[in-house]
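Dropping target_1.csv in here (CSV, C-alpha atoms and all ligand atoms):
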chain,number,residue,atom,x,y,z
X,1,MET,CA,0.0,0.0,0.0
X,2,LYS,CA,1.2,3.5,-0.8
X,3,ILE,CA,0.4,6.7,1.1
X,4,LEU,CA,1.0,10.2,-0.1
X,5,HIS,CA,2.1,12.2,3.0
X,6,ILE,CA,2.0,16.0,2.7
X,7,ASP,CA,3.0,18.5,5.3
X,8,CYS,CA,2.4,22.2,5.0
X,9,SER,CA,3.8,23.9,8.2
X,10,PRO,CA,6.9,26.0,7.6
X,11,ARG,CA,8.0,24.8,11.1
X,12,LYS,CA,10.0,21.6,11.6
X,13,GLU,CA,8.5,21.1,15.0
X,14,SER,CA,4.8,21.7,14.5
X,15,HIS,CA,1.4,20.6,15.7
X,16,SER,CA,0.1,19.7,12.2
X,17,ARG,CA,3.3,17.7,11.5
X,18,LYS,CA,2.8,15.8,14.7
X,19,LEU,CA,-0.8,15.2,13.8
X,20,SER,CA,-0.1,13.9,10.3
X,21,ALA,CA,2.7,11.7,11.7
X,22,ALA,CA,0.2,10.2,14.2
X,23,ILE,CA,-2.3,9.5,11.4
X,24,LEU,CA,0.4,7.8,9.4
X,25,ALA,CA,1.4,5.8,12.5
X,26,ARG,CA,-2.1,4.4,12.7
X,27,LEU,CA,-2.0,3.4,9.1
X,28,PHE,CA,1.4,1.7,9.7
X,29,ALA,CA,-0.2,-0.2,12.6
X,30,ILE,CA,-2.7,-1.7,10.0
X,31,ASP,CA,0.0,-2.4,7.4
X,32,SER,CA,3.7,-2.2,8.3
X,33,GLU,CA,4.6,-2.5,4.6
X,34,ILE,CA,3.3,0.9,3.7
X,35,PHE,CA,5.4,2.8,1.2
X,36,VAL,CA,5.3,6.6,1.8
X,37,ILE,CA,5.5,9.1,-1.0
X,38,ARG,CA,6.6,12.3,0.7
X,39,ARG,CA,5.7,15.9,-0.4
X,40,ASP,CA,6.8,18.5,2.2
X,41,LEU,CA,5.2,21.7,1.0
X,42,GLY,CA,6.1,23.5,4.2
X,43,LEU,CA,9.9,23.0,4.0
X,44,ASN,CA,10.1,22.7,0.2
X,45,PRO,CA,7.3,24.8,-1.3
X,46,ILE,CA,6.4,24.5,-4.9
X,47,PRO,CA,6.2,27.7,-7.0
X,48,HIS,CA,3.0,29.5,-7.5
X,49,PRO,CA,1.5,29.0,-11.0
X,50,GLU,CA,3.8,30.5,-13.7
X,51,ALA,CA,2.9,32.2,-16.9
X,52,GLY,CA,3.3,29.1,-19.1
X,53,TYR,CA,1.1,27.1,-16.7
X,54,ALA,CA,-1.6,29.8,-16.7
X,55,ALA,CA,-1.5,29.9,-20.5
X,56,ALA,CA,-1.8,26.1,-20.7
X,57,LEU,CA,-4.8,26.1,-18.5
X,58,SER,CA,-6.4,29.0,-20.4
X,59,SER,CA,-6.2,27.3,-23.8
X,60,PRO,CA,-8.7,24.5,-24.3
X,61,GLY,CA,-6.7,23.1,-27.3
X,62,ALA,CA,-3.7,22.5,-25.0
X,63,TRP,CA,-5.6,20.4,-22.5
X,64,VAL,CA,-7.5,18.3,-24.9
X,65,SER,CA,-4.6,17.7,-27.2
X,66,GLY,CA,-2.9,15.3,-24.8
X,67,ARG,CA,0.5,16.5,-26.1
X,68,PRO,CA,3.3,16.7,-23.5
X,69,ASN,CA,3.7,20.3,-22.4
X,70,PRO,CA,6.7,21.3,-20.2
X,71,ALA,CA,4.5,23.9,-18.5
X,72,THR,CA,2.4,21.2,-17.0
X,73,SER,CA,5.2,18.8,-16.0
X,74,LEU,CA,5.1,19.8,-12.3
X,75,SER,CA,1.3,19.4,-12.3
X,76,GLU,CA,1.7,16.0,-14.0
X,77,GLU,CA,4.2,14.9,-11.4
X,78,LEU,CA,2.0,16.0,-8.5
X,79,ILE,CA,-1.1,14.3,-10.0
X,80,GLN,CA,0.8,11.1,-10.5
X,81,GLU,CA,1.8,11.1,-6.9
X,82,ILE,CA,-1.9,11.1,-6.0
X,83,GLU,CA,-2.7,8.5,-8.6
X,84,ALA,CA,0.0,6.2,-7.1
X,85,ALA,CA,-1.4,6.5,-3.6
X,86,ASP,CA,-4.0,4.4,-1.9
X,87,ALA,CA,-4.6,7.2,0.6
X,88,LEU,CA,-3.5,10.7,1.3
X,89,VAL,CA,-2.4,12.0,4.7
X,90,ILE,CA,-2.1,15.8,5.0
X,91,GLY,CA,-1.0,18.0,7.9
X,92,THR,CA,-1.8,21.6,7.6
X,93,PRO,CA,-2.1,24.7,9.7
X,94,MET,CA,-5.1,27.0,9.4
X,95,ASN,CA,-3.8,30.4,8.1
X,96,ASN,CA,-6.2,33.3,8.1
X,97,PHE,CA,-9.3,31.0,8.2
X,98,THR,CA,-8.2,28.8,5.3
X,99,VAL,CA,-5.3,26.8,3.9
X,100,PRO,CA,-1.7,28.1,3.8
X,101,SER,CA,-0.6,29.4,0.4
X,102,VAL,CA,1.8,26.4,0.0
X,103,LEU,CA,-1.2,24.1,0.0
X,104,LYS,CA,-3.1,26.4,-2.3
X,105,ALA,CA,-0.2,26.3,-4.7
X,106,TRP,CA,-0.3,22.5,-4.7
X,107,ILE,CA,-4.1,22.6,-5.3
X,108,ASP,CA,-3.6,25.0,-8.3
X,109,GLN,CA,-1.4,22.3,-9.8
X,110,ILE,CA,-3.7,19.3,-9.3
X,111,LEU,CA,-7.0,20.8,-10.3
X,112,ARG,CA,-6.6,20.7,-14.1
X,113,MET,CA,-9.4,20.6,-16.7
X,114,GLY,CA,-9.1,17.7,-19.0
X,115,ARG,CA,-6.7,15.8,-16.7
X,116,THR,CA,-8.3,15.6,-13.2
X,117,ILE,CA,-11.5,17.5,-14.0
X,118,GLY,CA,-13.9,16.5,-16.8
X,119,VAL,CA,-17.1,18.2,-18.1
X,120,ALA,CA,-20.4,16.3,-18.2
X,121,PRO,CA,-22.7,16.8,-21.3
X,122,THR,CA,-24.8,18.9,-19.0
X,123,GLY,CA,-21.8,21.2,-18.4
X,124,GLU,CA,-21.2,20.2,-14.9
X,125,LYS,CA,-17.6,19.4,-13.7
X,126,THR,CA,-16.9,15.8,-12.9
X,127,GLY,CA,-13.9,14.4,-11.0
X,128,LEU,CA,-11.6,12.2,-13.1
X,129,LEU,CA,-9.5,10.7,-10.2
X,130,GLN,CA,-10.5,7.5,-8.5
X,131,ASP,CA,-11.7,8.2,-5.0
X,132,ARG,CA,-9.5,7.2,-2.0
X,133,PRO,CA,-9.3,8.2,1.7
X,134,VAL,CA,-7.9,11.6,2.4
X,135,TYR,CA,-7.0,12.2,6.1
X,136,ILE,CA,-6.4,15.9,6.9
X,137,GLY,CA,-4.9,17.0,10.2
X,138,ILE,CA,-5.5,20.7,10.9
X,139,ALA,CA,-3.7,22.7,13.6
X,140,SER,CA,-5.3,26.1,14.5
X,141,GLY,CA,-4.2,28.6,17.0
X,142,GLY,CA,-7.9,29.3,17.9
X,143,VAL,CA,-11.2,27.5,17.6
X,144,PHE,CA,-13.0,27.2,14.3
X,145,THR,CA,-15.5,24.4,14.7
X,146,GLY,CA,-17.9,23.2,17.5
X,147,ASP,CA,-19.8,25.2,20.1
X,148,ARG,CA,-16.8,27.3,21.0
X,149,ALA,CA,-16.0,28.4,17.5
X,150,ARG,CA,-15.0,32.1,17.4
X,151,GLN,CA,-13.9,32.5,13.8
X,152,PRO,CA,-15.1,31.5,10.3
X,153,ASP,CA,-13.9,28.2,8.7
X,154,PHE,CA,-13.1,28.5,5.0
X,155,LEU,CA,-10.6,25.7,5.2
X,156,THR,CA,-12.8,22.5,5.5
X,157,PRO,CA,-15.5,23.7,3.0
X,158,TYR,CA,-12.8,24.8,0.6
X,159,LEU,CA,-10.8,21.5,0.7
X,160,THR,CA,-14.1,19.6,0.4
X,161,ALA,CA,-15.0,21.5,-2.8
X,162,ALA,CA,-11.5,21.4,-4.2
X,163,PHE,CA,-10.9,17.7,-3.7
X,164,GLY,CA,-14.5,16.8,-4.6
X,165,CYS,CA,-13.9,18.6,-7.9
X,166,VAL,CA,-11.3,16.0,-8.9
X,167,GLY,CA,-13.3,13.0,-7.5
X,168,LEU,CA,-11.8,12.8,-4.0
X,169,THR,CA,-14.8,12.8,-1.8
X,170,SER,CA,-13.7,10.5,1.1
X,171,LEU,CA,-12.2,13.2,3.3
X,172,GLN,CA,-11.8,13.0,7.1
X,173,PHE,CA,-10.8,16.1,9.0
X,174,PHE,CA,-8.9,16.1,12.4
X,175,PRO,CA,-9.0,19.6,13.8
X,176,LEU,CA,-6.5,20.1,16.6
X,177,GLN,CA,-7.6,23.5,17.9
X,178,ALA,CA,-6.5,26.2,20.3
X,179,THR,CA,-2.8,25.4,19.9
X,180,ALA,CA,-2.1,29.0,20.9
X,181,PHE,CA,-3.8,28.4,24.3
X,182,LEU,CA,-3.6,24.8,25.4
X,183,ASP,CA,-0.6,23.2,27.0
X,184,GLY,CA,1.3,20.2,25.5
X,185,GLY,CA,-0.4,17.6,27.7
X,186,ARG,CA,-3.9,18.8,26.8
X,187,LEU,CA,-3.0,19.0,23.0
X,188,THR,CA,-1.7,15.4,23.1
X,189,ALA,CA,-4.9,14.2,24.8
X,190,ASP,CA,-7.0,16.1,22.2
X,191,GLN,CA,-4.9,14.6,19.4
X,192,ASP,CA,-5.4,11.1,20.8
X,193,ALA,CA,-9.1,11.7,21.1
X,194,LEU,CA,-9.3,12.9,17.5
X,195,LEU,CA,-7.5,9.8,16.2
X,196,THR,CA,-10.0,7.5,17.9
X,197,THR,CA,-12.5,8.8,15.3
X,198,MET,CA,-10.3,7.8,12.4
X,199,ASP,CA,-12.2,5.7,9.8
X,200,THR,CA,-9.8,3.1,8.4
X,201,THR,CA,-12.5,0.8,6.9
X,202,ARG,CA,-11.1,1.1,3.4
X,203,ILE,CA,-7.5,0.6,4.4
X,204,ASP,CA,-8.5,-2.4,6.5
X,205,ALA,CA,-10.3,-3.8,3.5
X,206,ARG,CA,-7.3,-3.3,1.3
X,207,VAL,CA,-5.1,-5.2,3.8
X,208,THR,CA,-7.5,-8.1,4.2
X,209,GLY,CA,-8.1,-8.2,0.5
X,210,ASP,CA,-11.9,-7.6,0.8
X,211,ILE,CA,-11.7,-5.0,-2.0
X,212,GLY,CA,-9.3,-4.4,-4.9
X,301,LIG,C1,0.1,33.6,8.9
X,301,LIG,C2,-0.7,32.9,10.0
X,301,LIG,C3,-2.1,32.9,10.0
X,301,LIG,C4,-2.8,32.2,11.0
X,301,LIG,N1,-4.1,32.3,10.9
X,301,LIG,C5,-4.9,31.6,11.8
X,301,LIG,C6,-6.3,31.6,11.8
X,301,LIG,O1,-6.9,32.2,10.9
X,301,LIG,N2,-7.0,30.9,12.7
X,301,LIG,C7,-6.3,30.3,13.7
X,301,LIG,O2,-7.0,29.7,14.6
X,301,LIG,N3,-5.0,30.3,13.8
X,301,LIG,C8,-4.2,30.9,12.9
X,301,LIG,N4,-2.9,30.9,13.0
X,301,LIG,C9,-2.2,30.1,14.0
X,301,LIG,C10,-1.8,28.7,13.5
X,301,LIG,O3,-2.9,28.0,12.9
X,301,LIG,C11,-1.3,27.8,14.7
X,301,LIG,O4,-0.2,28.4,15.2
X,301,LIG,C12,-1.0,26.4,14.2
X,301,LIG,O5,-0.7,25.6,15.3
X,301,LIG,C13,0.1,26.4,13.2
X,301,LIG,O6,0.4,25.1,12.8
X,301,LIG,P1,1.7,24.3,13.0
X,301,LIG,O7,1.8,24.2,14.6
X,301,LIG,O8,1.6,23.0,12.4
X,301,LIG,O9,2.8,25.2,12.5
X,301,LIG,C14,-2.1,31.5,12.0
X,301,LIG,C15,-0.7,31.5,12.0
X,301,LIG,C16,0.0,32.1,11.0
X,301,LIG,C17,1.5,32.0,11.0
Please express what this file holds, its structure, as structure tokens.
Ligand SMILES: Cc1cc2nc3c(=O)[nH]c(=O)nc-3n(C[C@H](O)[C@H](O)[C@H](O)COP(=O)(O)O)c2cc1C
Amino acid sequence: MKILHIDCSPRKESHSRKLSAAILARLFAIDSEIFVIRRDLGLNPIPHPEAGYAAALSSPGAWVSGRPNPATSLSEELIQEIEAADALVIGTPMNNFTVPSVLKAWIDQILRMGRTIGVAPTGEKTGLLQDRPVYIGIASGGVFTGDRARQPDFLTPYLTAAFGCVGLTSLQFFPLQATAFLDGGRLTADQDALLTTMDTTRIDARVTGDIG
């Protein structure tokens, strides 16, 4: 089994990194032979879309032709990392109510008409990637979900829409909140509690051979 592991914090020691590592550890407990494809957007950010890429995405002829295009080579590499993975594990901070720009830059490369997004005869967009579990650990300084939420959440609806657009609909969010206020012991307890909700049904089934 292959897992694409993405981290987005610019900090080496970070709450979202710990969270994604703990999610990964749970998957390793199910299958010790997991192969990890690593994409560290926090420490090695990818560039924002450049002119050639913007031009390629703005010319329908380019994306229907299927011809190799150097401007889409990074996009192709990143999409193939998803296609190779049985599941995705993402650790991300909340930045200004949404995803950090490094994660947005990655999304700008993987949402591509004619490659990961198709168009139905009715004109609606359809996802072209095969669905697979996407586990998303979020660290936020304050509280954005639940009764004590004191700020808007554009992160989880945005990722739901963006991933859904390419066909990835099996998302599970793990919000580790109030990192600016809670001590280490409480955050560890909160993280442990979050992980008890982790749905590994499809990973279990892959290991036992119940599904292909
Ligand atoms: C630029 C920036 C913007 C932030 N915006 C928010 C925010 O909108 N809401 C929030 O709760 N915390 C916000 N924070 C705090 C981080 O989400 C929090 O420190 C989190 O633990 C960082 O993740 P990390 O520990 O994985 O680096 C922000 C931090 C930075 C640096």
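For Ala85 (chain X), the non-local neighbours within 8 Å, defined as residues at least 4 positions apart in the same chain or in other chains and counting only C-alpha atoms, are Met1, Lys2, Ile3, Leu4, Ile37 and Glu81 of chain X.
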Centre and edge lengths of an axis-aligned box around all listed atoms of ligand LIG 301 (chain X), with 5 Å added on each side, are to be given in Å to one decimal, as lines of an AutoDock Vina configuration file.
center_x = -2.1
center_y = 28.3
center_z = 12.1
size_x = 19.8
size_y = 20.6
size_z = 16.4
**ligand LIG 301 (chain X) neighbours within 7 Å using only C-alpha atoms and all ligand atoms, as a list in words** = Ser9, Pro10, Arg11, Ser14, His15, Ser16, Arg17, Thr92, Pro93, Met94, Asn95, Asn96, Phe97, Thr98, Ala139, Ser140, Gly141, Gly142, Val143, Phe144, Ala178, Thr179 and Ala180 of chain X
Taking only residues of region 58-105 of chain X that have an atom at most 12 Å from an atom of region 167-176 of chain X, what is each one's shortest atom pair and its distance in Å to one decimal, using all atoms listed in the file, in chain and number order, as a tab-separated table?
residue	atom	partner	partner_atom	distance
X:Ile82	CA	X:Leu168	CA	10.2
X:Glu83	CA	X:Leu168	CA	11.1
X:Asp86	CA	X:Leu168	CA	11.7
X:Ala87	CA	X:Ser170	CA	9.7
X:Leu88	CA	X:Leu171	CA	9.3
X:Val89	CA	X:Gln172	CA	9.8
X:Ile90	CA	X:Phe173	CA	9.6
X:Gly91	CA	X:Phe174	CA	9.3
X:Thr92	CA	X:Pro175	CA	9.7
X:Pro93	CA	X:Leu176	CA	9.4
X:Met94	CA	X:Pro175	CA	9.5
**Prompt:** Suppose you want the space between CA of Phe35 (chain X) and CA of Glu76 (chain X); what is it in Å?
**Reply:**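 Between CA of Phe35 (chain X) and CA of Glu76 (chain X) the gap is 20.5 Å.
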**Asked** Pick from X:Ile30, X:Val134, X:Ala189, X:Val36: nearest to Thr208 (chain X), with all atoms listed in the file counted?
**Response**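 Of X:Ile30, X:Val134, X:Ala189, X:Val36, the one nearest Thr208 (chain X), counting all atoms listed in the file, is X:Ile30.
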**Asked** What is the CA of Asp210 (chain X)-CA of Ala161 (chain X) distance in Å, reported with one decimal?
**Response**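 So the two atoms, CA of Asp210 (chain X) and CA of Ala161 (chain X), lie 29.5 Å apart.
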**Request:** Have a look at X:Ala120, X:Ala162, X:Ile46, X:Leu155 and name the one nearest to Ala105 (chain X); count only C-alpha atoms.
**Result:** X:Ile46
**Message:** Restricting the calculation to all atoms listed in the file: of X:Met198, X:Cys165, X:Ile23, X:Ala56, which residue gets closest to Pro70 (chain X)?
**Reply:**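 Using all atoms listed in the file, Pro70 (chain X) sits closest to X:Ala56.
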My structure is short of atoms at region 96-111 of chain X; please model N, CA and C atoms there, returning them as a tab-separated table (two decimals), in the coordinates of the input.
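Result written to result_24.tsv:
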chain	number	residue	atom	x	y	z
X	96	ASN	N	-5.23	32.29	8.45
X	96	ASN	CA	-6.20	33.30	8.10
X	96	ASN	C	-7.52	32.61	7.56
X	97	PHE	N	-8.01	31.70	8.36
X	97	PHE	CA	-9.30	31.00	8.20
X	97	PHE	C	-9.33	29.97	7.08
X	98	THR	N	-8.17	29.77	6.42
X	98	THR	CA	-8.20	28.80	5.30
X	98	THR	C	-6.85	28.09	5.20
X	99	VAL	N	-6.54	27.53	4.02
X	99	VAL	CA	-5.30	26.80	3.90
X	99	VAL	C	-4.12	27.72	3.69
X	100	PRO	N	-2.90	27.31	4.12
X	100	PRO	CA	-1.70	28.10	3.80
X	100	PRO	C	-1.46	28.17	2.32
X	101	SER	N	-0.75	29.20	1.89
X	101	SER	CA	-0.60	29.40	0.40
X	101	SER	C	0.22	28.25	-0.19
X	102	VAL	N	1.06	27.56	0.59
X	102	VAL	CA	1.80	26.40	0.00
X	102	VAL	C	0.86	25.31	-0.41
X	103	LEU	N	-0.19	25.12	0.36
X	103	LEU	CA	-1.20	24.10	0.00
X	103	LEU	C	-2.04	24.55	-1.16
X	104	LYS	N	-2.35	25.84	-1.17
X	104	LYS	CA	-3.10	26.40	-2.30
X	104	LYS	C	-2.34	26.24	-3.60
X	105	ALA	N	-1.01	26.48	-3.53
X	105	ALA	CA	-0.20	26.30	-4.70
X	105	ALA	C	-0.22	24.91	-5.26
X	106	TRP	N	-0.25	23.94	-4.35
X	106	TRP	CA	-0.30	22.50	-4.70
X	106	TRP	C	-1.70	22.25	-5.39
X	107	ILE	N	-2.75	22.78	-4.77
X	107	ILE	CA	-4.10	22.60	-5.30
X	107	ILE	C	-4.19	23.18	-6.73
X	108	ASP	N	-3.54	24.34	-6.92
X	108	ASP	CA	-3.60	25.00	-8.30
X	108	ASP	C	-2.93	24.06	-9.31
X	109	GLN	N	-2.05	23.16	-8.88
X	109	GLN	CA	-1.40	22.30	-9.80
X	109	GLN	C	-2.20	20.98	-10.08
X	110	ILE	N	-3.01	20.57	-9.09
X	110	ILE	CA	-3.70	19.30	-9.30
X	110	ILE	C	-5.10	19.38	-9.81
X	111	LEU	N	-5.69	20.57	-9.72
X	111	LEU	CA	-7.00	20.80	-10.30
X	111	LEU	C	-6.82	21.24	-11.74
